Amino acid sequence: MSLMTRAPGWVVQHLAAVRALVVITMITGVIYPIVVWGVALLPGLHDRAEGSMVTIGGRTVGSRLIGQLFTDKSGDPLRQYFQSRPSNAGTGYDPTSTGASNLGPEDVVDTLPADPARKAAEIAAHKARDSLLTQVCARSKAVGALEGVDGSRPFCTPGGVGAVLSVIGPRDRTGHVTRPTRVVSVNEQCGIVARPFLTTYAGRPVECARYGGDYQPGEIVPIRGRAPATPAVPADAVTASGSGLDPHISPAYARLQAPRVARARGIPDDAVLKAITANEDGRVLGFIGEPRVDVLRLNIELDKRYPFRG
Amino acid sequence: MSTTIAAILFTGSLVIALAVAYRPLGDYMYRVYTGTGQSRVERGVFRLIGIRPDAQQTWRAYARSVLAFSVVSVLFLYGFQRLQEHLPLSLGFGPVVPHQAWNTATSFVTNTNWQSYSGESTMGHLVQMAGLAVQNFASAAVGMAVAIALVRGFARRRTDHLGNFWVDLIRGVLRILLPFAFVGALVLIAGGAVQNFHDPYPLQTLAGARQVMTGGPVASQEVIKQLGTNGGGFYNANSAHPFENPTPWTNWFQIFLMLVISVSLPRTFGRMVGSDRQGYAIVAVMATLAIVSLTLITVFQMSHHGTVPTAVGAASEGVETRFGVPNSATFAGATTLSSTGAVDSAHDSYTSLGGMIGMFNMMLGEVAPGGTGSGLYGMLVLAVITVFVAGLMVGRTPEYLGKKIGSREIKFAAAYFLITPICVLVGTAVAMAGDWGRRGMLNTGPHGLSEVLYAFTSASNNNGSAFGGLTASTPFYDTALGLAMAIGRFLPMILILALAGSLARQGRIPVSEGTLPTYRPQFVGMVVGVAVILVALTFLPALALGPLAEGIR
């Protein structure tokens, strides 16, 4: 105290600040979280505070809250399991690397790989990148093929990339290119695609795109195409979640997968549809959140009742 | 039930819950800040800190205390991160690199909680709970203290005394934030939020793959992250992470938490200036702006305008299934209207106009309802500017709550409103001027500019949410955004306290026929108008190059 009365004002101020910080740190940074942890040891809370873990026959297989991949070693879907949504957490559903794609609504132009055969490696090295539109189109095509439905979507080519043109030529007064000198389908790489999705545009032949080609000066025009506005493959099947750990899929996506899962397990569709209903949650109180199906819970139930003999 | 009706009920139920909390919580906070009695714990704490709780401070002393506490907090948090490998519960993480440690320290002390790091791969449990989460409490209490000091400026007459910062700080933490946080943490755990001290551990999934599970004292930090309008997530995915925000109803609860203190503070203000209806007027301004904004962002997200959302058939990129698009939009609106900055979905992937509403909310100065404390003082400055504008129109000396708004007061208020736009626009311009800033953009074209504009808007207004595609962990962004956060927090605070000092010194002008009533709908409408016009004039050109260029064709 004697120091406090004799020291200059600014020193006193900082001494008080240091002491206040130490006291607040002890109370809110040490005692408070430990007391919360202690109370959460109570039965009923403890299981949740630990992460809502699921054990089967003594083996912990995951958390009820955290999604998982149901794919084989090469990343292909295991046909007997319901598939989770696409994920941007690490290489998929990695809790040590959570997050979203963060790609915007007009992210429609791919960065093409120098060597298409090594595309995956170039993407990993941030040298090539699929636009969000191409990711959506590719997923839609893949899911459509897996589930035996039409995977087409607006603004997607039949080949499963974004249907986007760079229309190059003089701009008119409103900034549009009405008399192009060149038209390039920017996401269709020469050599990969035999023929662009359009033969001509505004009277010009549509070219395929080449690595390193500068198509930025052109007007970027996405082409809607004739796909239905409500595609057969639901929205959650072609978009990744915010966390990359989404444990749920929409009831629509679950029902789309039911026949394939039933076939793989050699059981009637009805049995799978019943299991979906049993693992479906509606909106809380009827208006909070969205209807959803818990993928891990559903797959565990199927394994228990209709074991897969692959 | 249709999605639209469910969305309306979701937002409507939040409005009702906040309206119910307004009086009891506002009255409770009034008693906390005006009461003179001390609990035994408080007496002990004051003795430990070495202050006399009955000593009154001038605005200068109050401001010096705020700054001293904040400087010490930044230094401590910086050192804590740099030394974490030597401390327990570090999970084996090394020291945070200097520019990132500076950015994070400033970020949490300024109530911004911008995160240039990824929680699960950077910060050990001890730094999170005894460093970052502590500032979640402290920075929120600092904001409330400054707001209360300004209200005292309006309420008191012919005095230099604005209260005692240390008392206001400790009371805010111990009597308001801590008890509610404790209860809220248990509620979140009941929903599934985790609270443990596990190192990351591997397990074998149902399909036989390896998945590394993470733990941590999450619930205790999650609740104050929302209640204190902080927003810094334990994990990188923030409130989208199922361990932070496990269910649709915890999502509702988190939105409620981030709004409840800021919405109730006008009640405290009304009680302190002796007129409840002045509080109702202020909260009416907040509610009007907020409800319009929430409606717009929800409509934009649900109508999923734009190439990719049209291809998908919904704006579901970056959105969790359990929350869905409309509830996520409400969360995004609330987090940017308050100064929280937590995210339960990826704002970067929002529709162009939906994402713009988030930016616009922050550009409003985060006053509807704004951060804990900062929302109220921002709104009171808007009210001061409004009476000034009204005074100009009718040719009378402007006054507010019996205080004359003279040239000194209006200079403080005007300067307050210039600081953040300067930080936002100059910062964005500097970033766009060179490769150091442009390199960080993930998206190209107008959306890339939106990422940078969003970053400086978020930092300067102490929000903390992001268009997450921006690679912000570079020396340039860490340093520049750190500066924007510090300037955007402390210069306005000093001006607020100076304004409070100047108001407190005045007497009280009696109400006359020429006094503009500041509790009628007419005044509410005028404040709303002034707020929107100020923002539109300042930021429309920048918005036109980013989200408007992208979204309108």
# chains A, B, ... in the order shown; residues from 1 in each chain; ligands from 1
call {"tool": "select_by_dssp", "arguments": {"residues": "region 411-442 of chain B", "states": "alpha helix (DSSP H)", "output": "NGL selection string"}}
result
:B and (411-433 or 435-438)
call {"tool": "residues_around", "arguments": {"residues": "region 319-328 of chain B", "least_positions_apart": "3", "cutoff": "7 Å", "atoms": "only C-alpha atoms", "output": "short mmCIF file (atom, residue, chain, number, x, y, z; two decimals) with C-alpha atoms, in the first residue's frame"}}
result
data_model
loop_
_atom_site.label_atom_id
_atom_site.label_comp_id
_atom_site.auth_asym_id
_atom_site.auth_seq_id
_atom_site.Cartn_x
_atom_site.Cartn_y
_atom_site.Cartn_z
CA SER A 241 -21.35 -27.67 -44.41
CA GLY A 242 -19.88 -24.84 -42.35
CA ASP A 246 -22.10 -32.06 -40.22
CA HIS A 248 -26.81 -34.95 -40.63
CA ILE A 249 -28.29 -35.17 -44.10
CA SER A 250 -31.70 -34.02 -45.24
CA GLY A 289 -33.90 -25.87 -37.18
CA GLU A 290 -34.58 -28.22 -40.06
CA ARG A 292 -32.66 -34.08 -40.59
CA ALA B 7 -38.38 -18.93 -40.05
CA ALA B 240 -20.95 -24.28 -36.85
CA THR B 247 -28.51 -28.63 -31.77
CA PRO B 248 -31.05 -26.32 -33.41
CA THR B 298 -33.33 -14.08 -44.43
CA GLN B 301 -30.68 -16.22 -48.34
CA MET B 302 -33.95 -18.07 -48.87
CA ALA B 315 -27.86 -21.16 -50.50
CA SER B 316 -26.73 -24.21 -48.55
CA PHE B 331 -27.64 -16.00 -36.71
CA ALA B 332 -25.55 -14.16 -39.31
CA ASP B 344 -22.70 -20.78 -37.49
CA SER B 345 -22.33 -20.80 -41.28
CA ALA B 346 -19.80 -19.54 -43.84
#
call {"tool": "residues_around", "arguments": {"residues": "Pro492 (chain B)", "least_positions_apart": "6", "cutoff": "12 Å", "atoms": "only C-alpha atoms", "output": "list of chain:residue names"}}
result
B:Ala63, B:Thr110, B:Gly143, B:Val146, B:Ala147, B:Gly365, B:Ser374, B:Tyr377, B:Gly378, B:Val381, B:Phe412, B:Ala413, B:Ala414, B:Ala415, B:Tyr416, B:Phe417, B:Leu418, B:Ile419, B:Thr420, B:Pro421, B:Cys423, B:Ser460, B:Asn461, B:Asn462, B:Met485, B:Ala486, B:Ala498, B:Leu499
call {"tool": "atom_distance", "arguments": {"atom1": "CA of Gly427 (chain B)", "atom2": "CA of Thr457 (chain B)"}}
result
9.0 Å
call {"tool": "residues_around", "arguments": {"residues": "Val108 (chain A)", "least_positions_apart": "2", "cutoff": "9 Å", "atoms": "only C-alpha atoms", "output": "list in words"}}
result
Gly104, Pro105, Glu106, Asp110, Asp130, Ser131, Leu132, Leu133, Thr134, Gly162, Ala163, Val164, Asn187, Ile220 and Pro222 of chain A; Thr307 and Val308 of chain B
call {"tool": "select_by_dssp", "arguments": {"residues": "region 147-296 of chain B", "states": "strand (DSSP E)", "output": "ChimeraX atom specification"}}
result
/B:201-204,210-213
call {"tool": "write_last_selection", "arguments": {"atoms": "C-alpha atoms", "output": "PDB file, in the first residue's frame"}}
result
ATOM      1  CA  TYR B 201      -7.270 -38.701 -29.396  1.00  0.00           C
ATOM      2  CA  PRO B 202      -7.772 -41.095 -32.310  1.00  0.00           C
ATOM      3  CA  LEU B 203     -10.607 -43.554 -32.772  1.00  0.00           C
ATOM      4  CA  GLN B 204     -11.711 -45.972 -35.464  1.00  0.00           C
ATOM      5  CA  ARG B 210      -9.123 -43.091 -38.358  1.00  0.00           C
ATOM      6  CA  GLN B 211     -10.723 -39.962 -36.900  1.00  0.00           C
ATOM      7  CA  VAL B 212      -8.973 -37.769 -34.343  1.00  0.00           C
ATOM      8  CA  MET B 213     -11.451 -36.430 -31.776  1.00  0.00           C
TER       9      MET B 213
END
call {"tool": "atom_distance", "arguments": {"atom1": "CA of Met53 (chain A)", "atom2": "CA of Gly192 (chain B)"}}
result
10.6 Å
call {"tool": "residues_around", "arguments": {"residues": "Gly306 (chain B)", "least_positions_apart": "3", "cutoff": "9 Å", "atoms": "only C-alpha atoms", "output": "VMD selection string"}}
result
(chain A and resid 105 to 106) or (chain B and resid 309 to 311 351 to 352 550 to 551)
call {"tool": "write_last_selection", "arguments": {"atoms": "C-alpha atoms", "output": "mmCIF file, in the first residue's frame"}}
result
data_model
loop_
_atom_site.group_PDB
_atom_site.id
_atom_site.type_symbol
_atom_site.label_atom_id
_atom_site.label_comp_id
_atom_site.auth_asym_id
_atom_site.auth_seq_id
_atom_site.Cartn_x
_atom_site.Cartn_y
_atom_site.Cartn_z
ATOM 1 C CA PRO A 105 -21.811 -17.520 -54.980
ATOM 2 C CA GLU A 106 -20.140 -16.395 -58.209
ATOM 3 C CA PRO B 309 -27.045 -20.987 -55.315
ATOM 4 C CA THR B 310 -29.271 -21.355 -58.394
ATOM 5 C CA ALA B 311 -27.333 -24.416 -59.537
ATOM 6 C CA THR B 351 -25.513 -14.873 -51.619
ATOM 7 C CA SER B 352 -23.991 -11.563 -52.680
ATOM 8 C CA GLU B 550 -21.541 -9.111 -57.814
ATOM 9 C CA GLY B 551 -25.171 -9.401 -56.828
#
call {"tool": "closest_residue", "arguments": {"among": "B:Thr3, B:Ser90, B:Ser70, B:Thr444", "to": "Arg489 (chain B)", "atoms": "only C-alpha atoms"}}
result
B:Ser70
call {"tool": "residues_around", "arguments": {"residues": "Gly228 (chain B)", "least_positions_apart": "3", "cutoff": "12 Å", "atoms": "only C-alpha atoms", "output": "PyMOL selection string"}}
result
chain B and resi 108-113+133-144+172-173+176-178+180-181+221-225+231-232+254-262+335+338-342+370-375+463
call {"tool": "write_last_selection", "arguments": {"atoms": "C-alpha atoms", "output": "short mmCIF file (atom, residue, chain, number, x, y, z; two decimals), in the first residue's frame"}}
result
data_model
loop_
_atom_site.label_atom_id
_atom_site.label_comp_id
_atom_site.auth_asym_id
_atom_site.auth_seq_id
_atom_site.Cartn_x
_atom_site.Cartn_y
_atom_site.Cartn_z
CA PHE B 108 -9.61 -10.51 -27.74
CA VAL B 109 -8.85 -7.43 -25.63
CA THR B 110 -10.83 -5.21 -28.00
CA ASN B 111 -13.87 -7.53 -27.89
CA THR B 112 -13.36 -8.23 -31.59
CA ASN B 113 -12.31 -11.87 -31.49
CA ALA B 133 -11.86 -16.64 -22.41
CA VAL B 134 -10.77 -14.28 -19.62
CA GLN B 135 -10.77 -11.42 -22.11
CA ASN B 136 -14.21 -12.53 -23.23
CA PHE B 137 -15.36 -11.55 -19.74
CA ALA B 138 -13.08 -8.57 -19.27
CA SER B 139 -13.55 -6.87 -22.64
CA ALA B 140 -17.32 -7.18 -22.36
CA ALA B 141 -17.23 -5.67 -18.87
CA VAL B 142 -14.99 -2.83 -20.11
CA GLY B 143 -17.52 -2.02 -22.84
CA MET B 144 -20.36 -1.94 -20.34
CA GLY B 172 -19.81 -6.27 -14.51
CA VAL B 173 -17.76 -9.44 -14.41
CA ILE B 176 -23.64 -9.81 -14.50
CA LEU B 177 -21.44 -11.92 -16.76
CA LEU B 178 -20.24 -14.68 -14.46
CA PHE B 180 -25.34 -15.90 -16.35
CA ALA B 181 -22.35 -17.57 -18.02
CA GLN B 221 -15.97 -20.44 -23.21
CA GLU B 222 -18.82 -20.78 -25.69
CA VAL B 223 -21.39 -19.17 -23.43
CA ILE B 224 -19.36 -16.06 -22.64
CA LYS B 225 -18.33 -15.84 -26.29
CA GLY B 231 -17.38 -14.33 -30.96
CA GLY B 232 -14.02 -16.10 -30.84
CA GLN B 254 -26.78 -18.63 -28.66
CA ILE B 255 -28.52 -15.92 -30.68
CA PHE B 256 -30.52 -14.97 -27.59
CA LEU B 257 -27.35 -14.76 -25.51
CA MET B 258 -25.53 -12.50 -27.95
CA LEU B 259 -28.40 -10.01 -28.00
CA VAL B 260 -29.79 -10.05 -24.48
CA ILE B 261 -27.40 -7.72 -22.62
CA SER B 262 -27.20 -5.14 -25.39
CA THR B 335 -23.88 -11.69 -35.01
CA SER B 338 -24.39 -7.13 -32.26
CA SER B 339 -20.64 -7.01 -32.17
CA THR B 340 -20.35 -10.76 -31.65
CA GLY B 341 -18.85 -12.11 -34.83
CA ALA B 342 -19.47 -15.75 -34.02
CA GLY B 370 -24.42 -3.69 -30.81
CA GLY B 371 -21.83 -5.03 -28.44
CA THR B 372 -22.16 -5.19 -24.66
CA GLY B 373 -21.91 -1.51 -23.80
CA SER B 374 -20.51 -0.39 -27.14
CA GLY B 375 -23.95 -0.78 -28.69
CA ASN B 463 -17.06 -7.57 -34.77
#
call {"tool": "atom_distance", "arguments": {"atom1": "CA of Phe82 (chain A)", "atom2": "CA of Thr96 (chain A)"}}
result
23.5 Å
call {"tool": "residues_around", "arguments": {"residues": "Ala209 (chain A)", "least_positions_apart": "3", "cutoff": "10 Å", "atoms": "only C-alpha atoms", "output": "mmCIF file with C-alpha atoms, in the first residue's frame"}}
result
data_model
loop_
_atom_site.group_PDB
_atom_site.id
_atom_site.type_symbol
_atom_site.label_atom_id
_atom_site.label_comp_id
_atom_site.auth_asym_id
_atom_site.auth_seq_id
_atom_site.Cartn_x
_atom_site.Cartn_y
_atom_site.Cartn_z
ATOM 1 C CA LEU A 112 -7.017 -25.594 -64.703
ATOM 2 C CA LEU A 165 -18.197 -19.164 -71.168
ATOM 3 C CA SER A 166 -15.657 -16.412 -71.517
ATOM 4 C CA VAL A 183 -15.824 -17.787 -77.105
ATOM 5 C CA VAL A 184 -14.169 -20.229 -74.687
ATOM 6 C CA SER A 185 -15.814 -22.748 -72.366
ATOM 7 C CA VAL A 186 -13.472 -21.989 -69.467
ATOM 8 C CA ASN A 187 -14.003 -25.091 -67.340
ATOM 9 C CA GLU A 188 -13.755 -27.628 -70.147
ATOM 10 C CA GLN A 189 -10.090 -28.422 -70.688
ATOM 11 C CA CYS A 190 -8.891 -29.412 -74.136
ATOM 12 C CA GLY A 191 -7.933 -33.068 -74.160
ATOM 13 C CA ILE A 192 -10.250 -33.884 -71.248
ATOM 14 C CA VAL A 193 -13.431 -32.858 -72.969
ATOM 15 C CA PRO A 196 -17.557 -28.235 -75.480
ATOM 16 C CA VAL A 206 -17.084 -22.422 -78.699
ATOM 17 C CA GLY A 212 -2.478 -20.878 -68.880
ATOM 18 C CA GLY A 213 -4.961 -19.351 -71.328
ATOM 19 C CA ASP A 214 -5.970 -15.840 -70.298
ATOM 20 C CA TYR A 215 -9.745 -15.720 -70.488
#
call {"tool": "closest_residue", "arguments": {"among": "A:Glu280, A:Pro116, A:Arg265, A:Gly160", "to": "Asp303 (chain A)", "atoms": "only C-alpha atoms"}}
result
A:Arg265
call {"tool": "closest_residue", "arguments": {"among": "B:Asn103, B:Ser239, B:Thr205, B:Asn361", "to": "Ala484 (chain B)", "atoms": "only C-alpha atoms"}}
result
B:Asn103
call {"tool": "closest_residue", "arguments": {"among": "B:Val187, B:Gly270, B:Leu67, B:Gly119", "to": "Leu491 (chain B)", "atoms": "only C-alpha atoms"}}
result
B:Leu67
call {"tool": "decode", "arguments": {"residues": "region 97-149 of chain A", "atoms": "C-alpha atoms", "output": "PDB file, in the first residue's frame"}}
result
ATOM      1  CA  SER A  97      -9.037 -29.172 -39.340  1.00  0.00           C
ATOM      2  CA  THR A  98     -12.614 -27.896 -39.307  1.00  0.00           C
ATOM      3  CA  GLY A  99     -14.034 -25.353 -41.686  1.00  0.00           C
ATOM      4  CA  ALA A 100     -15.897 -24.488 -44.849  1.00  0.00           C
ATOM      5  CA  SER A 101     -14.970 -23.946 -48.495  1.00  0.00           C
ATOM      6  CA  ASN A 102     -15.574 -20.184 -48.153  1.00  0.00           C
ATOM      7  CA  LEU A 103     -16.120 -19.998 -51.897  1.00  0.00           C
ATOM      8  CA  GLY A 104     -18.546 -17.342 -53.040  1.00  0.00           C
ATOM      9  CA  PRO A 105     -21.811 -17.520 -54.980  1.00  0.00           C
ATOM     10  CA  GLU A 106     -20.140 -16.395 -58.209  1.00  0.00           C
ATOM     11  CA  ASP A 107     -17.100 -18.623 -57.961  1.00  0.00           C
ATOM     12  CA  VAL A 108     -17.586 -20.233 -61.356  1.00  0.00           C
ATOM     13  CA  VAL A 109     -14.198 -20.318 -63.139  1.00  0.00           C
ATOM     14  CA  ASP A 110     -11.774 -23.190 -62.493  1.00  0.00           C
ATOM     15  CA  THR A 111      -8.010 -22.836 -62.317  1.00  0.00           C
ATOM     16  CA  LEU A 112      -7.017 -25.594 -64.703  1.00  0.00           C
ATOM     17  CA  PRO A 113      -4.178 -28.028 -63.930  1.00  0.00           C
ATOM     18  CA  ALA A 114      -0.981 -27.982 -65.995  1.00  0.00           C
ATOM     19  CA  ASP A 115      -1.117 -31.770 -66.194  1.00  0.00           C
ATOM     20  CA  PRO A 116      -4.699 -33.062 -65.964  1.00  0.00           C
ATOM     21  CA  ALA A 117      -3.406 -36.510 -64.965  1.00  0.00           C
ATOM     22  CA  ARG A 118      -1.924 -34.983 -61.810  1.00  0.00           C
ATOM     23  CA  LYS A 119      -4.903 -32.743 -61.046  1.00  0.00           C
ATOM     24  CA  ALA A 120      -5.402 -33.960 -57.467  1.00  0.00           C
ATOM     25  CA  ALA A 121      -1.776 -33.246 -56.596  1.00  0.00           C
ATOM     26  CA  GLU A 122      -1.942 -29.807 -58.177  1.00  0.00           C
ATOM     27  CA  ILE A 123      -5.101 -28.995 -56.233  1.00  0.00           C
ATOM     28  CA  ALA A 124      -3.377 -30.092 -53.027  1.00  0.00           C
ATOM     29  CA  ALA A 125      -0.461 -27.784 -53.884  1.00  0.00           C
ATOM     30  CA  HIS A 126      -2.886 -24.882 -54.551  1.00  0.00           C
ATOM     31  CA  LYS A 127      -1.777 -24.747 -58.192  1.00  0.00           C
ATOM     32  CA  ALA A 128      -5.140 -25.817 -59.583  1.00  0.00           C
ATOM     33  CA  ARG A 129      -8.619 -25.302 -58.156  1.00  0.00           C
ATOM     34  CA  ASP A 130     -12.122 -26.366 -59.028  1.00  0.00           C
ATOM     35  CA  SER A 131     -14.588 -23.522 -58.728  1.00  0.00           C
ATOM     36  CA  LEU A 132     -17.491 -23.972 -56.330  1.00  0.00           C
ATOM     37  CA  LEU A 133     -19.776 -24.334 -59.344  1.00  0.00           C
ATOM     38  CA  THR A 134     -17.687 -27.167 -60.787  1.00  0.00           C
ATOM     39  CA  GLN A 135     -17.539 -28.856 -57.379  1.00  0.00           C
ATOM     40  CA  VAL A 136     -21.332 -28.731 -57.184  1.00  0.00           C
ATOM     41  CA  CYS A 137     -21.733 -30.046 -60.736  1.00  0.00           C
ATOM     42  CA  ALA A 138     -19.226 -32.863 -60.237  1.00  0.00           C
ATOM     43  CA  ARG A 139     -20.829 -33.979 -56.958  1.00  0.00           C
ATOM     44  CA  SER A 140     -24.278 -33.887 -58.511  1.00  0.00           C
ATOM     45  CA  LYS A 141     -23.156 -36.053 -61.416  1.00  0.00           C
ATOM     46  CA  ALA A 142     -21.399 -38.529 -59.099  1.00  0.00           C
ATOM     47  CA  VAL A 143     -24.352 -38.814 -56.705  1.00  0.00           C
ATOM     48  CA  GLY A 144     -26.742 -39.149 -59.654  1.00  0.00           C
ATOM     49  CA  ALA A 145     -24.646 -42.015 -61.036  1.00  0.00           C
ATOM     50  CA  LEU A 146     -24.366 -43.743 -57.653  1.00  0.00           C
ATOM     51  CA  GLU A 147     -28.071 -43.542 -56.880  1.00  0.00           C
ATOM     52  CA  GLY A 148     -29.280 -44.108 -60.432  1.00  0.00           C
ATOM     53  CA  VAL A 149     -31.015 -40.752 -60.889  1.00  0.00           C
TER      54      VAL A 149
END
